[in-house]
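Student: Questions regarding the structure given below will be posed in turn.
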Amino acid sequence: MPPRHLYIHIPFCARRCSYCDFSIAVRSTTPVDEYVTALRTEMDGLREDLGGTTLDTVYLGGGTPSRLGGIGIGDVLATVRDRARIAAAPEITIEANPDDVNDMAVAHWVAAGVNRVSLGSQSFDDAALKWMHRTHDARQIGQAVNTLRRGGIDNISLDLIFALPAHLGRSWESDLLRALDLEPAHLSLYGLTVEAQTPIARWADRGATVQGSEEGYEEEFLAAHETMAGAGYDHYEVSNFARPGMTSRHNSAYWTGASYAGVGPSAHSFDGANRRWNVSAYSEWIRRLGLGETVIAGEENLTDENRATEEVYLGLRTRRGLAIAEEEVSRVQTWEAAGWALIDEPLKDPRVRLTATGWLRLDSLAADLAAQRARPVSASLSPNPSHCYI
Ligand code: SF4
């Protein structure tokens, strides 16, 4: 399957956020020319893959792509257009931090074809933002949204993090309402998890409390579900909410098992049967491209069993749900009785959709069903994560 979706990983960040274990390159000055030159080299090697296709979506993730500035993003998208056809009405998304958004940058992004911005906001509480090592304050989030709209971008997604430790005193309800006040087209909500090698993991090792309680996690997730539904947003994927017609086309492609190409350090690609991934360190990606070496670090051929497992996991995480076999209905009816799922058409073409309460048990329910069909869910399922996809 030729890819109709392209992910470009742009790894630069001004500093590491306290919860982040992503493949990033912390730089005070972004090496724009070095990055774009290397990207051109990698994309030259994909001419055959991309030559016969038309890209429906392009996603610039990171890292913090907005660190490339207006001209840098223009160069990245010109690099794509020189090597691939882009659809007449594509979705072209850039992840941006609020402090990188200004009129000049937005003008360049729009001229380059960007029509969607995922704004890493995380919270409207300045103390929480400081604890997270974010480089912006709450006021800059609203300013960035206004600047984007003034420049012609109305398809704006905001990211928020929940399940912060109680000692921060952050009000989740207030953050949700502040986000809704800005009327975003889309909202992504992620629960804080403690990953190895992150600043908060080190703080935890020293005895600090860095996470909310399990009960708090569930309460905040369910509160978000209620609040967003009440405001007219569709909870269309476990972590994502959208106004009608404003779902992320790029991320939705991942969740339907579509093929995609990924370029840049740590980017993943999938052709429908094989998944491959690039070296994750920026310096190694640059070194190899400079020497004309491959940047592919690994490859995995998906067996029929692997694909069956992925279908379960991807189906259950979305509102679309998953087609189930007749012999699976009785098992899933126990989920329905517990309030974790709904079964559509149980007698003919049955389909299961998890409820918000069910999504809190997504991993174990997916593993349960997948164990019947194939092997347990593996960690290698995740596609290209967006920068704050924790
Ligand atoms: S969370 Fe996002 S902005 Fe922060 S360090 Fe990670 S990739 Fe960079």
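How things are named: the first chain in the structure tokens is A, the next is B, and so on; residues count from 1 in each chain; ligands count from 1 in the order shown.
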Do a neighbour search on region 166-170 of chain A at 9 Å with only C-alpha atoms, toss out local chain neighbours closer than 6 positions, and write the hits as a PDB file with all heavy atoms, in the first residue's frame.
Tutor:
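Below is the file selection27.pdb, written as the result:
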ATOM      1  N   SER A 123      -1.471  23.013  30.506  1.00  0.00           N
ATOM      2  CA  SER A 123      -2.212  23.501  31.675  1.00  0.00           C
ATOM      3  C   SER A 123      -2.328  25.019  31.559  1.00  0.00           C
ATOM      4  O   SER A 123      -1.572  25.659  30.818  1.00  0.00           O
ATOM      5  CB  SER A 123      -1.471  23.137  32.963  1.00  0.00           C
ATOM      6  OG  SER A 123      -2.132  23.710  34.092  1.00  0.00           O
ATOM      7  N   PHE A 124      -3.311  25.569  32.287  1.00  0.00           N
ATOM      8  CA  PHE A 124      -3.421  27.031  32.378  1.00  0.00           C
ATOM      9  C   PHE A 124      -3.002  27.514  33.760  1.00  0.00           C
ATOM     10  O   PHE A 124      -3.289  28.641  34.140  1.00  0.00           O
ATOM     11  CB  PHE A 124      -4.862  27.462  32.064  1.00  0.00           C
ATOM     12  CG  PHE A 124      -5.225  27.257  30.616  1.00  0.00           C
ATOM     13  CD1 PHE A 124      -5.673  26.022  30.169  1.00  0.00           C
ATOM     14  CD2 PHE A 124      -5.070  28.282  29.688  1.00  0.00           C
ATOM     15  CE1 PHE A 124      -5.987  25.813  28.836  1.00  0.00           C
ATOM     16  CE2 PHE A 124      -5.373  28.081  28.350  1.00  0.00           C
ATOM     17  CZ  PHE A 124      -5.839  26.839  27.922  1.00  0.00           C
ATOM     18  N   ASP A 125      -2.332  26.638  34.499  1.00  0.00           N
ATOM     19  CA  ASP A 125      -1.881  26.967  35.853  1.00  0.00           C
ATOM     20  C   ASP A 125      -0.365  27.216  35.784  1.00  0.00           C
ATOM     21  O   ASP A 125       0.410  26.304  35.466  1.00  0.00           O
ATOM     22  CB  ASP A 125      -2.207  25.774  36.768  1.00  0.00           C
ATOM     23  CG  ASP A 125      -1.795  26.019  38.205  1.00  0.00           C
ATOM     24  OD1 ASP A 125      -0.638  26.439  38.436  1.00  0.00           O
ATOM     25  OD2 ASP A 125      -2.621  25.777  39.091  1.00  0.00           O
ATOM     26  N   ALA A 127       1.933  27.646  37.999  1.00  0.00           N
ATOM     27  CA  ALA A 127       2.799  26.841  38.878  1.00  0.00           C
ATOM     28  C   ALA A 127       2.980  25.440  38.307  1.00  0.00           C
ATOM     29  O   ALA A 127       4.084  24.866  38.339  1.00  0.00           O
ATOM     30  CB  ALA A 127       2.191  26.769  40.280  1.00  0.00           C
ATOM     31  N   ALA A 128       1.891  24.880  37.757  1.00  0.00           N
ATOM     32  CA  ALA A 128       1.988  23.545  37.150  1.00  0.00           C
ATOM     33  C   ALA A 128       2.886  23.583  35.912  1.00  0.00           C
ATOM     34  O   ALA A 128       3.694  22.683  35.683  1.00  0.00           O
ATOM     35  CB  ALA A 128       0.596  23.030  36.790  1.00  0.00           C
ATOM     36  N   TRP A 131       6.421  23.579  37.010  1.00  0.00           N
ATOM     37  CA  TRP A 131       6.804  22.243  37.503  1.00  0.00           C
ATOM     38  C   TRP A 131       7.093  21.311  36.328  1.00  0.00           C
ATOM     39  O   TRP A 131       7.962  20.454  36.382  1.00  0.00           O
ATOM     40  CB  TRP A 131       5.668  21.698  38.376  1.00  0.00           C
ATOM     41  CG  TRP A 131       5.919  20.362  38.979  1.00  0.00           C
ATOM     42  CD1 TRP A 131       6.597  20.084  40.136  1.00  0.00           C
ATOM     43  CD2 TRP A 131       5.474  19.090  38.466  1.00  0.00           C
ATOM     44  NE1 TRP A 131       6.601  18.724  40.369  1.00  0.00           N
ATOM     45  CE2 TRP A 131       5.917  18.092  39.365  1.00  0.00           C
ATOM     46  CE3 TRP A 131       4.740  18.694  37.347  1.00  0.00           C
ATOM     47  CZ2 TRP A 131       5.656  16.730  39.184  1.00  0.00           C
ATOM     48  CZ3 TRP A 131       4.478  17.352  37.153  1.00  0.00           C
ATOM     49  CH2 TRP A 131       4.935  16.387  38.062  1.00  0.00           C
ATOM     50  N   THR A 209       6.614  13.137  45.483  1.00  0.00           N
ATOM     51  CA  THR A 209       5.381  12.656  44.857  1.00  0.00           C
ATOM     52  C   THR A 209       5.246  13.354  43.512  1.00  0.00           C
ATOM     53  O   THR A 209       5.184  14.585  43.454  1.00  0.00           O
ATOM     54  CB  THR A 209       4.163  13.001  45.749  1.00  0.00           C
ATOM     55  OG1 THR A 209       4.376  12.387  47.021  1.00  0.00           O
ATOM     56  CG2 THR A 209       2.874  12.477  45.135  1.00  0.00           C
ATOM     57  N   VAL A 210       5.218  12.590  42.449  1.00  0.00           N
ATOM     58  CA  VAL A 210       5.213  13.203  41.115  1.00  0.00           C
ATOM     59  C   VAL A 210       3.985  12.820  40.302  1.00  0.00           C
ATOM     60  O   VAL A 210       3.856  13.208  39.152  1.00  0.00           O
ATOM     61  CB  VAL A 210       6.488  12.821  40.324  1.00  0.00           C
ATOM     62  CG1 VAL A 210       7.727  13.357  41.010  1.00  0.00           C
ATOM     63  CG2 VAL A 210       6.583  11.315  40.126  1.00  0.00           C
ATOM     64  N   GLN A 211       3.072  12.071  40.897  1.00  0.00           N
ATOM     65  CA  GLN A 211       1.879  11.638  40.168  1.00  0.00           C
ATOM     66  C   GLN A 211       0.653  11.792  41.041  1.00  0.00           C
ATOM     67  O   GLN A 211       0.760  11.691  42.271  1.00  0.00           O
ATOM     68  CB  GLN A 211       1.996  10.154  39.843  1.00  0.00           C
ATOM     69  CG  GLN A 211       2.352   9.861  38.404  1.00  0.00           C
ATOM     70  CD  GLN A 211       2.341   8.367  38.143  1.00  0.00           C
ATOM     71  OE1 GLN A 211       2.897   7.584  38.905  1.00  0.00           O
ATOM     72  NE2 GLN A 211       1.728   7.984  37.047  1.00  0.00           N
ATOM     73  N   GLY A 212      -0.497  11.968  40.411  1.00  0.00           N
ATOM     74  CA  GLY A 212      -1.743  11.931  41.157  1.00  0.00           C
ATOM     75  C   GLY A 212      -2.073  10.487  41.520  1.00  0.00           C
ATOM     76  O   GLY A 212      -1.419   9.553  41.064  1.00  0.00           O
ATOM     77  N   SER A 213      -3.113  10.320  42.332  1.00  0.00           N
ATOM     78  CA  SER A 213      -3.523   8.966  42.735  1.00  0.00           C
ATOM     79  C   SER A 213      -4.245   8.282  41.569  1.00  0.00           C
ATOM     80  O   SER A 213      -4.691   8.935  40.616  1.00  0.00           O
ATOM     81  CB  SER A 213      -4.465   9.046  43.921  1.00  0.00           C
ATOM     82  OG  SER A 213      -5.654   9.707  43.517  1.00  0.00           O
ATOM     83  N   GLY A 216      -7.683   9.608  41.409  1.00  0.00           N
ATOM     84  CA  GLY A 216      -7.685  10.945  40.803  1.00  0.00           C
ATOM     85  C   GLY A 216      -7.588  10.852  39.290  1.00  0.00           C
ATOM     86  O   GLY A 216      -8.245  11.612  38.561  1.00  0.00           O
TER      87      GLY A 216
END
Student: When the cut-off is 12 Å and you count only C-alpha atoms and all ligand atoms, which residues lie near ligand 1, shown as JSON, numbers by chain?
Tutor: {"A": [9, 10, 11, 12, 13, 14, 15, 16, 17, 18, 19, 20, 21, 22, 23, 24, 25, 26, 27, 61, 62, 63, 64, 65, 66, 67, 95, 96, 97, 98, 99, 100, 118, 119, 120, 121, 122, 129, 130, 131, 132, 133, 134, 135, 136, 159, 160, 161, 190, 192, 195, 198, 199, 385, 386, 387, 388, 389, 390]}
Student: Could those residues be written to a file, using C-alpha atoms, as an mmCIF file, in the first residue's frame?
Tutor:
data_model
loop_
_atom_site.group_PDB
_atom_site.id
_atom_site.type_symbol
_atom_site.label_atom_id
_atom_site.label_comp_id
_atom_site.auth_asym_id
_atom_site.auth_seq_id
_atom_site.Cartn_x
_atom_site.Cartn_y
_atom_site.Cartn_z
ATOM 1 C CA HIS A 9 9.979 14.182 13.170
ATOM 2 C CA ILE A 10 11.574 17.482 14.141
ATOM 3 C CA PRO A 11 13.399 16.772 17.413
ATOM 4 C CA PHE A 12 14.400 20.200 18.712
ATOM 5 C CA CYS A 13 13.297 21.515 22.107
ATOM 6 C CA ALA A 14 14.485 24.456 24.173
ATOM 7 C CA ARG A 15 14.642 22.248 27.285
ATOM 8 C CA ARG A 16 13.351 18.857 28.404
ATOM 9 C CA CYS A 17 9.925 18.921 30.034
ATOM 10 C CA SER A 18 9.918 17.170 33.383
ATOM 11 C CA TYR A 19 7.737 14.251 32.197
ATOM 12 C CA CYS A 20 9.165 13.746 28.702
ATOM 13 C CA ASP A 21 11.174 10.731 27.523
ATOM 14 C CA PHE A 22 10.850 11.444 23.813
ATOM 15 C CA SER A 23 13.659 11.419 21.308
ATOM 16 C CA ILE A 24 14.544 15.097 21.350
ATOM 17 C CA ALA A 25 17.573 17.290 20.761
ATOM 18 C CA VAL A 26 17.841 20.132 23.267
ATOM 19 C CA ARG A 27 19.357 23.124 21.491
ATOM 20 C CA GLY A 61 5.764 16.337 15.044
ATOM 21 C CA GLY A 62 8.537 16.344 17.552
ATOM 22 C CA GLY A 63 10.169 17.603 19.596
ATOM 23 C CA THR A 64 8.957 21.069 18.878
ATOM 24 C CA PRO A 65 8.641 21.663 15.109
ATOM 25 C CA SER A 66 7.825 25.326 15.694
ATOM 26 C CA ARG A 67 11.457 25.750 16.816
ATOM 27 C CA GLU A 95 3.037 20.948 16.529
ATOM 28 C CA ALA A 96 3.875 24.268 18.124
ATOM 29 C CA ASN A 97 4.680 25.597 21.543
ATOM 30 C CA PRO A 98 2.821 28.806 22.436
ATOM 31 C CA ASP A 99 6.025 30.822 22.844
ATOM 32 C CA ASP A 100 7.037 30.107 19.223
ATOM 33 C CA SER A 118 -1.475 21.287 17.600
ATOM 34 C CA LEU A 119 -0.585 23.655 20.415
ATOM 35 C CA GLY A 120 1.273 22.167 23.384
ATOM 36 C CA SER A 121 -0.529 23.956 26.187
ATOM 37 C CA GLN A 122 -0.677 21.280 28.968
ATOM 38 C CA LEU A 129 3.596 24.761 33.907
ATOM 39 C CA LYS A 130 6.734 25.681 35.817
ATOM 40 C CA TRP A 131 6.804 22.243 37.503
ATOM 41 C CA MET A 132 6.505 20.659 34.056
ATOM 42 C CA HIS A 133 9.488 22.729 32.820
ATOM 43 C CA ARG A 134 7.312 24.246 30.119
ATOM 44 C CA THR A 135 8.822 27.267 28.398
ATOM 45 C CA HIS A 136 5.563 29.276 28.310
ATOM 46 C CA ASP A 159 -3.041 19.404 24.569
ATOM 47 C CA LEU A 160 -3.715 19.157 28.295
ATOM 48 C CA ILE A 161 -2.172 16.840 30.897
ATOM 49 C CA TYR A 190 -3.041 12.769 28.358
ATOM 50 C CA LEU A 192 0.742 11.885 33.393
ATOM 51 C CA GLU A 195 8.807 7.249 32.369
ATOM 52 C CA THR A 198 12.882 11.706 32.946
ATOM 53 C CA PRO A 199 13.330 14.487 35.502
ATOM 54 C CA PRO A 385 3.792 9.827 18.763
ATOM 55 C CA SER A 386 3.037 13.498 18.792
ATOM 56 C CA HIS A 387 5.341 15.462 21.017
ATOM 57 C CA CYS A 388 3.350 15.377 24.200
ATOM 58 C CA TYR A 389 1.767 11.993 23.611
ATOM 59 C CA ILE A 390 2.556 10.507 26.979
#
Student: So, with only C-alpha atoms as the atoms that count, which of A:Val263, A:Ile153, A:Val312, A:Leu164 lies closest to Val194 (chain A)?
Tutor: A:Leu164
Student: DSSP on the backbone: which residues in region 111-302 of chain A end up as alpha helix (DSSP H)? Give the answer as a short mmCIF file (atom, residue, chain, number, x, y, z; two decimals) with N, CA, C and O atoms, in the first residue's frame.
Tutor:
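The resulting selection.cif:
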data_model
loop_
_atom_site.label_atom_id
_atom_site.label_comp_id
_atom_site.auth_asym_id
_atom_site.auth_seq_id
_atom_site.Cartn_x
_atom_site.Cartn_y
_atom_site.Cartn_z
N ALA A 111 1.58 30.18 4.32
CA ALA A 111 2.05 30.23 2.93
C ALA A 111 2.60 28.87 2.49
O ALA A 111 2.52 28.50 1.31
N ALA A 112 3.16 28.12 3.44
CA ALA A 112 3.73 26.81 3.12
C ALA A 112 2.66 25.72 3.06
O ALA A 112 2.96 24.59 2.67
N ASP A 126 0.04 28.45 36.07
CA ASP A 126 1.46 28.79 35.89
C ASP A 126 2.39 27.97 36.78
O ASP A 126 3.50 27.62 36.37
N ALA A 127 1.93 27.65 38.00
CA ALA A 127 2.80 26.84 38.88
C ALA A 127 2.98 25.44 38.31
O ALA A 127 4.08 24.87 38.34
N ALA A 128 1.89 24.88 37.76
CA ALA A 128 1.99 23.55 37.15
C ALA A 128 2.89 23.58 35.91
O ALA A 128 3.69 22.68 35.68
N LEU A 129 2.75 24.64 35.11
CA LEU A 129 3.60 24.76 33.91
C LEU A 129 5.07 24.83 34.29
O LEU A 129 5.94 24.24 33.63
N LYS A 130 5.34 25.56 35.35
CA LYS A 130 6.73 25.68 35.82
C LYS A 130 7.25 24.32 36.27
O LYS A 130 8.38 23.92 35.95
N TRP A 131 6.42 23.58 37.01
CA TRP A 131 6.80 22.24 37.50
C TRP A 131 7.09 21.31 36.33
O TRP A 131 7.96 20.45 36.38
N ALA A 138 0.59 30.57 31.09
CA ALA A 138 -0.80 30.40 30.67
C ALA A 138 -1.25 31.51 29.72
O ALA A 138 -1.96 31.27 28.74
N ARG A 139 -0.80 32.73 29.99
CA ARG A 139 -1.23 33.86 29.16
C ARG A 139 -0.82 33.66 27.70
O ARG A 139 -1.54 34.01 26.77
N GLN A 140 0.34 33.06 27.50
CA GLN A 140 0.83 32.88 26.13
C GLN A 140 0.00 31.88 25.32
O GLN A 140 0.03 31.90 24.10
N ILE A 141 -0.74 31.00 26.02
CA ILE A 141 -1.57 30.04 25.28
C ILE A 141 -2.69 30.79 24.54
O ILE A 141 -2.90 30.61 23.34
N GLY A 142 -3.39 31.65 25.28
CA GLY A 142 -4.46 32.43 24.67
C GLY A 142 -3.92 33.35 23.57
O GLY A 142 -4.54 33.51 22.51
N GLN A 143 -2.76 33.95 23.84
CA GLN A 143 -2.17 34.83 22.83
C GLN A 143 -1.86 34.04 21.55
O GLN A 143 -2.09 34.52 20.44
N ALA A 144 -1.33 32.83 21.72
CA ALA A 144 -0.97 32.01 20.54
C ALA A 144 -2.22 31.66 19.74
O ALA A 144 -2.21 31.71 18.50
N VAL A 145 -3.31 31.31 20.44
CA VAL A 145 -4.56 30.97 19.73
C VAL A 145 -5.04 32.18 18.94
O VAL A 145 -5.40 32.07 17.76
N ASN A 146 -5.01 33.35 19.55
CA ASN A 146 -5.44 34.57 18.83
C ASN A 146 -4.55 34.84 17.62
O ASN A 146 -5.03 35.22 16.55
N THR A 147 -3.26 34.66 17.81
CA THR A 147 -2.32 34.91 16.69
C THR A 147 -2.56 33.94 15.55
O THR A 147 -2.54 34.33 14.37
N LEU A 148 -2.80 32.67 15.88
CA LEU A 148 -3.07 31.68 14.84
C LEU A 148 -4.33 32.05 14.07
O LEU A 148 -4.36 32.01 12.83
N ARG A 149 -5.38 32.42 14.79
CA ARG A 149 -6.66 32.76 14.12
C ARG A 149 -6.48 34.00 13.24
O ARG A 149 -6.97 34.06 12.12
N ARG A 150 -5.77 34.99 13.78
CA ARG A 150 -5.53 36.22 13.01
C ARG A 150 -4.78 35.90 11.72
O ARG A 150 -4.99 36.51 10.69
N TRP A 172 -8.25 20.74 37.73
CA TRP A 172 -8.47 20.15 36.41
C TRP A 172 -9.73 20.74 35.76
O TRP A 172 -9.75 21.04 34.57
N GLU A 173 -10.74 20.97 36.60
CA GLU A 173 -11.98 21.54 36.07
C GLU A 173 -11.73 22.93 35.48
O GLU A 173 -12.17 23.26 34.38
N SER A 174 -10.96 23.71 36.21
CA SER A 174 -10.66 25.06 35.74
C SER A 174 -9.86 25.00 34.42
O SER A 174 -10.11 25.77 33.49
N ASP A 175 -8.91 24.07 34.34
CA ASP A 175 -8.11 23.96 33.10
C ASP A 175 -8.98 23.57 31.91
O ASP A 175 -8.82 24.09 30.80
N LEU A 176 -9.92 22.63 32.14
CA LEU A 176 -10.81 22.24 31.04
C LEU A 176 -11.65 23.43 30.58
O LEU A 176 -11.82 23.67 29.38
N LEU A 177 -12.16 24.21 31.54
CA LEU A 177 -13.01 25.36 31.18
C LEU A 177 -12.20 26.44 30.49
O LEU A 177 -12.67 27.08 29.54
N ARG A 178 -10.97 26.64 30.95
CA ARG A 178 -10.10 27.65 30.27
C ARG A 178 -9.83 27.21 28.83
O ARG A 178 -9.80 28.03 27.91
N ALA A 179 -9.62 25.91 28.64
CA ALA A 179 -9.39 25.41 27.27
C ALA A 179 -10.65 25.62 26.42
O ALA A 179 -10.57 26.09 25.28
N LEU A 180 -11.81 25.29 26.98
CA LEU A 180 -13.07 25.43 26.22
C LEU A 180 -13.35 26.88 25.87
O LEU A 180 -13.92 27.18 24.83
N ASP A 181 -12.96 27.80 26.76
CA ASP A 181 -13.14 29.24 26.49
C ASP A 181 -12.47 29.64 25.18
O ASP A 181 -12.87 30.60 24.52
N PRO A 199 13.13 13.76 34.25
CA PRO A 199 13.33 14.49 35.50
C PRO A 199 12.38 14.02 36.61
O PRO A 199 12.81 13.84 37.76
N ILE A 200 11.08 13.78 36.30
CA ILE A 200 10.18 13.39 37.39
C ILE A 200 10.52 12.00 37.91
O ILE A 200 10.28 11.71 39.09
N ALA A 201 11.09 11.14 37.07
CA ALA A 201 11.51 9.81 37.57
C ALA A 201 12.64 9.99 38.58
O ALA A 201 12.69 9.30 39.61
N ARG A 202 13.52 10.94 38.30
CA ARG A 202 14.62 11.20 39.26
C ARG A 202 14.07 11.81 40.55
O ARG A 202 14.50 11.46 41.64
N TRP A 203 13.09 12.72 40.41
CA TRP A 203 12.48 13.31 41.61
C TRP A 203 11.81 12.21 42.44
O TRP A 203 11.89 12.22 43.67
N ALA A 204 11.13 11.28 41.73
CA ALA A 204 10.45 10.18 42.45
C ALA A 204 11.48 9.31 43.18
O ALA A 204 11.24 8.88 44.32
N ASP A 205 12.61 9.07 42.54
CA ASP A 205 13.67 8.26 43.19
C ASP A 205 14.14 8.92 44.49
O ASP A 205 14.58 8.24 45.42
N GLU A 214 -4.38 6.97 41.68
CA GLU A 214 -5.11 6.23 40.65
C GLU A 214 -6.56 6.68 40.59
O GLU A 214 -7.15 6.83 39.52
N GLU A 215 -7.15 6.93 41.79
CA GLU A 215 -8.55 7.38 41.82
C GLU A 215 -8.67 8.75 41.14
O GLU A 215 -9.61 9.03 40.41
N GLY A 216 -7.68 9.61 41.41
CA GLY A 216 -7.68 10.94 40.80
C GLY A 216 -7.59 10.85 39.29
O GLY A 216 -8.25 11.61 38.56
N TYR A 217 -6.78 9.93 38.81
CA TYR A 217 -6.63 9.73 37.36
C TYR A 217 -7.99 9.39 36.75
O TYR A 217 -8.42 10.00 35.75
N GLU A 218 -8.69 8.43 37.38
CA GLU A 218 -9.98 8.00 36.83
C GLU A 218 -11.00 9.13 36.91
O GLU A 218 -11.73 9.37 35.95
N GLU A 219 -11.02 9.83 38.04
CA GLU A 219 -11.99 10.93 38.20
C GLU A 219 -11.76 12.01 37.15
O GLU A 219 -12.70 12.52 36.55
N GLU A 220 -10.51 12.36 36.93
CA GLU A 220 -10.23 13.46 35.98
C GLU A 220 -10.53 13.02 34.55
O GLU A 220 -11.05 13.79 33.74
N PHE A 221 -10.22 11.77 34.21
CA PHE A 221 -10.52 11.28 32.86
C PHE A 221 -12.03 11.32 32.63
O PHE A 221 -12.51 11.79 31.59
N LEU A 222 -12.81 10.81 33.59
CA LEU A 222 -14.26 10.76 33.43
C LEU A 222 -14.87 12.16 33.46
O LEU A 222 -15.83 12.45 32.74
N ALA A 223 -14.30 13.05 34.27
CA ALA A 223 -14.78 14.44 34.31
C ALA A 223 -14.55 15.10 32.95
O ALA A 223 -15.41 15.85 32.44
N ALA A 224 -13.42 14.83 32.33
CA ALA A 224 -13.14 15.39 31.00
C ALA A 224 -14.15 14.86 29.99
O ALA A 224 -14.67 15.62 29.16
N HIS A 225 -14.43 13.58 30.07
CA HIS A 225 -15.40 12.97 29.15
C HIS A 225 -16.75 13.70 29.27
O HIS A 225 -17.35 14.09 28.26
N GLU A 226 -17.22 13.90 30.50
CA GLU A 226 -18.52 14.55 30.72
C GLU A 226 -18.50 16.00 30.26
O GLU A 226 -19.39 16.46 29.56
N THR A 227 -17.46 16.72 30.67
CA THR A 227 -17.39 18.15 30.35
C THR A 227 -17.32 18.38 28.84
O THR A 227 -18.01 19.24 28.29
N MET A 228 -16.49 17.59 28.18
CA MET A 228 -16.31 17.79 26.74
C MET A 228 -17.56 17.39 25.97
O MET A 228 -17.94 18.06 25.01
N ALA A 229 -18.20 16.30 26.40
CA ALA A 229 -19.44 15.88 25.72
C ALA A 229 -20.49 16.98 25.89
O ALA A 229 -21.22 17.32 24.93
N GLY A 230 -20.56 17.55 27.09
CA GLY A 230 -21.53 18.62 27.35
C GLY A 230 -21.27 19.86 26.50
O GLY A 230 -22.18 20.64 26.22
N ARG A 249 -7.21 13.88 10.90
CA ARG A 249 -7.18 12.91 9.80
C ARG A 249 -5.90 12.09 9.86
O ARG A 249 -5.90 10.90 9.53
N HIS A 250 -4.80 12.72 10.25
CA HIS A 250 -3.53 11.99 10.28
C HIS A 250 -3.54 10.91 11.36
O HIS A 250 -3.27 9.74 11.09
N ASN A 251 -3.88 11.29 12.58
CA ASN A 251 -3.88 10.29 13.65
C ASN A 251 -4.96 9.24 13.43
O ASN A 251 -4.76 8.06 13.78
N SER A 252 -6.08 9.63 12.83
CA SER A 252 -7.12 8.65 12.55
C SER A 252 -6.61 7.59 11.57
O SER A 252 -7.00 6.43 11.64
N ALA A 253 -5.72 7.99 10.67
CA ALA A 253 -5.14 7.02 9.73
C ALA A 253 -4.35 5.96 10.49
O ALA A 253 -4.43 4.76 10.19
N TYR A 254 -3.59 6.38 11.51
CA TYR A 254 -2.87 5.39 12.33
C TYR A 254 -3.84 4.38 12.94
O TYR A 254 -3.58 3.19 12.99
N TRP A 255 -4.96 4.92 13.43
CA TRP A 255 -5.88 4.06 14.20
C TRP A 255 -6.71 3.16 13.31
O TRP A 255 -7.42 2.29 13.81
N TYR A 282 19.41 12.31 17.26
CA TYR A 282 19.58 13.28 16.17
C TYR A 282 21.01 13.23 15.60
O TYR A 282 21.21 13.22 14.38
N SER A 283 22.01 13.19 16.48
CA SER A 283 23.40 13.22 16.01
C SER A 283 23.72 12.01 15.14
O SER A 283 24.44 12.12 14.14
N GLU A 284 23.16 10.85 15.48
CA GLU A 284 23.41 9.64 14.69
C GLU A 284 22.67 9.72 13.36
O GLU A 284 23.19 9.28 12.32
N TRP A 285 21.47 10.28 13.37
CA TRP A 285 20.70 10.46 12.13
C TRP A 285 21.47 11.37 11.16
O TRP A 285 21.62 11.06 9.98
N ILE A 286 22.00 12.47 11.70
CA ILE A 286 22.79 13.40 10.88
C ILE A 286 24.05 12.70 10.35
O ILE A 286 24.41 12.80 9.17
N ARG A 287 24.75 11.97 11.24
CA ARG A 287 26.01 11.33 10.86
C ARG A 287 25.80 10.34 9.71
O ARG A 287 26.50 10.35 8.72
N ARG A 288 24.79 9.50 9.87
CA ARG A 288 24.57 8.47 8.86
C ARG A 288 24.17 9.07 7.51
O ARG A 288 24.64 8.62 6.46
N LEU A 289 23.30 10.09 7.54
CA LEU A 289 22.89 10.70 6.27
C LEU A 289 24.08 11.38 5.61
O LEU A 289 24.22 11.34 4.39
N GLY A 290 24.96 11.96 6.42
CA GLY A 290 26.15 12.61 5.88
C GLY A 290 27.08 11.62 5.20
O GLY A 290 27.78 11.96 4.23
#
Student: What's the 10 Å shell around Arg373 (chain A), counting only C-alpha atoms, without same-chain residues fewer than 3 positions away, as a PDB file with C-alpha atoms, in the first residue's frame?
Tutor:
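Once written, around_0.pdb looks like this:
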ATOM      1  CA  GLU A 305      -1.271 -12.809  14.417  1.00  0.00           C
ATOM      2  CA  ASN A 306       0.441  -9.458  14.995  1.00  0.00           C
ATOM      3  CA  ALA A 308      -4.989  -9.345  14.377  1.00  0.00           C
ATOM      4  CA  THR A 309      -3.691  -8.075  17.711  1.00  0.00           C
ATOM      5  CA  VAL A 312      -8.093  -5.294  18.385  1.00  0.00           C
ATOM      6  CA  GLU A 328     -16.770 -13.425  21.073  1.00  0.00           C
ATOM      7  CA  ALA A 367      -5.095  -7.951  25.843  1.00  0.00           C
ATOM      8  CA  ASP A 368      -8.006 -10.146  26.925  1.00  0.00           C
ATOM      9  CA  LEU A 369      -9.607 -10.167  23.482  1.00  0.00           C
ATOM     10  CA  ALA A 370      -6.298 -10.300  21.649  1.00  0.00           C
ATOM     11  CA  PRO A 376      -0.856 -10.336  23.742  1.00  0.00           C
TER      12      PRO A 376
END
Student: Please list as a ChimeraX atom specification every residue within 7 Å of Glu91 (chain A), counting only C-alpha atoms and excluding residues in the same chain fewer than 3 positions away.
Tutor: /A:56-58,115-116,249
Student: My list of candidates is A:Gly113, A:Pro244, A:Glu34, A:Phe270. Which is closest to Ala89 (chain A) when distances are computed with only C-alpha atoms?
Tutor: A:Gly113
Student: Rank nothing, just name the residue among A:Val238, A:Ile86, A:Leu6, A:Val279 nearest to Leu60 (chain A), using only C-alpha atoms.
Tutor: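 Looking at the shortest contact to Leu60 (chain A), the residue is A:Leu6.
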Student: At what distance in Å, to one decimal, does CA of Arg275 (chain A) lie from CA of Thr54 (chain A)?
Tutor: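 Distance reported for this atom pair: 20.4 Å.
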Student: Which one is closest to Ala323 (chain A): A:Leu158, A:Leu342, A:Tyr59, A:His108? Count only C-alpha atoms.
Tutor: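 Answer, going by the shortest atom-to-atom distance: A:Leu342.
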Student: Mind checking DSSP for region 47-283 of chain A and telling me the strand (DSSP E) residues as number ranges by chain?
Tutor: A: 54-62, 85-96, 116-122, 156-162, 186-191, 234-237, 240-242, 261-263, 268-270, 274-278
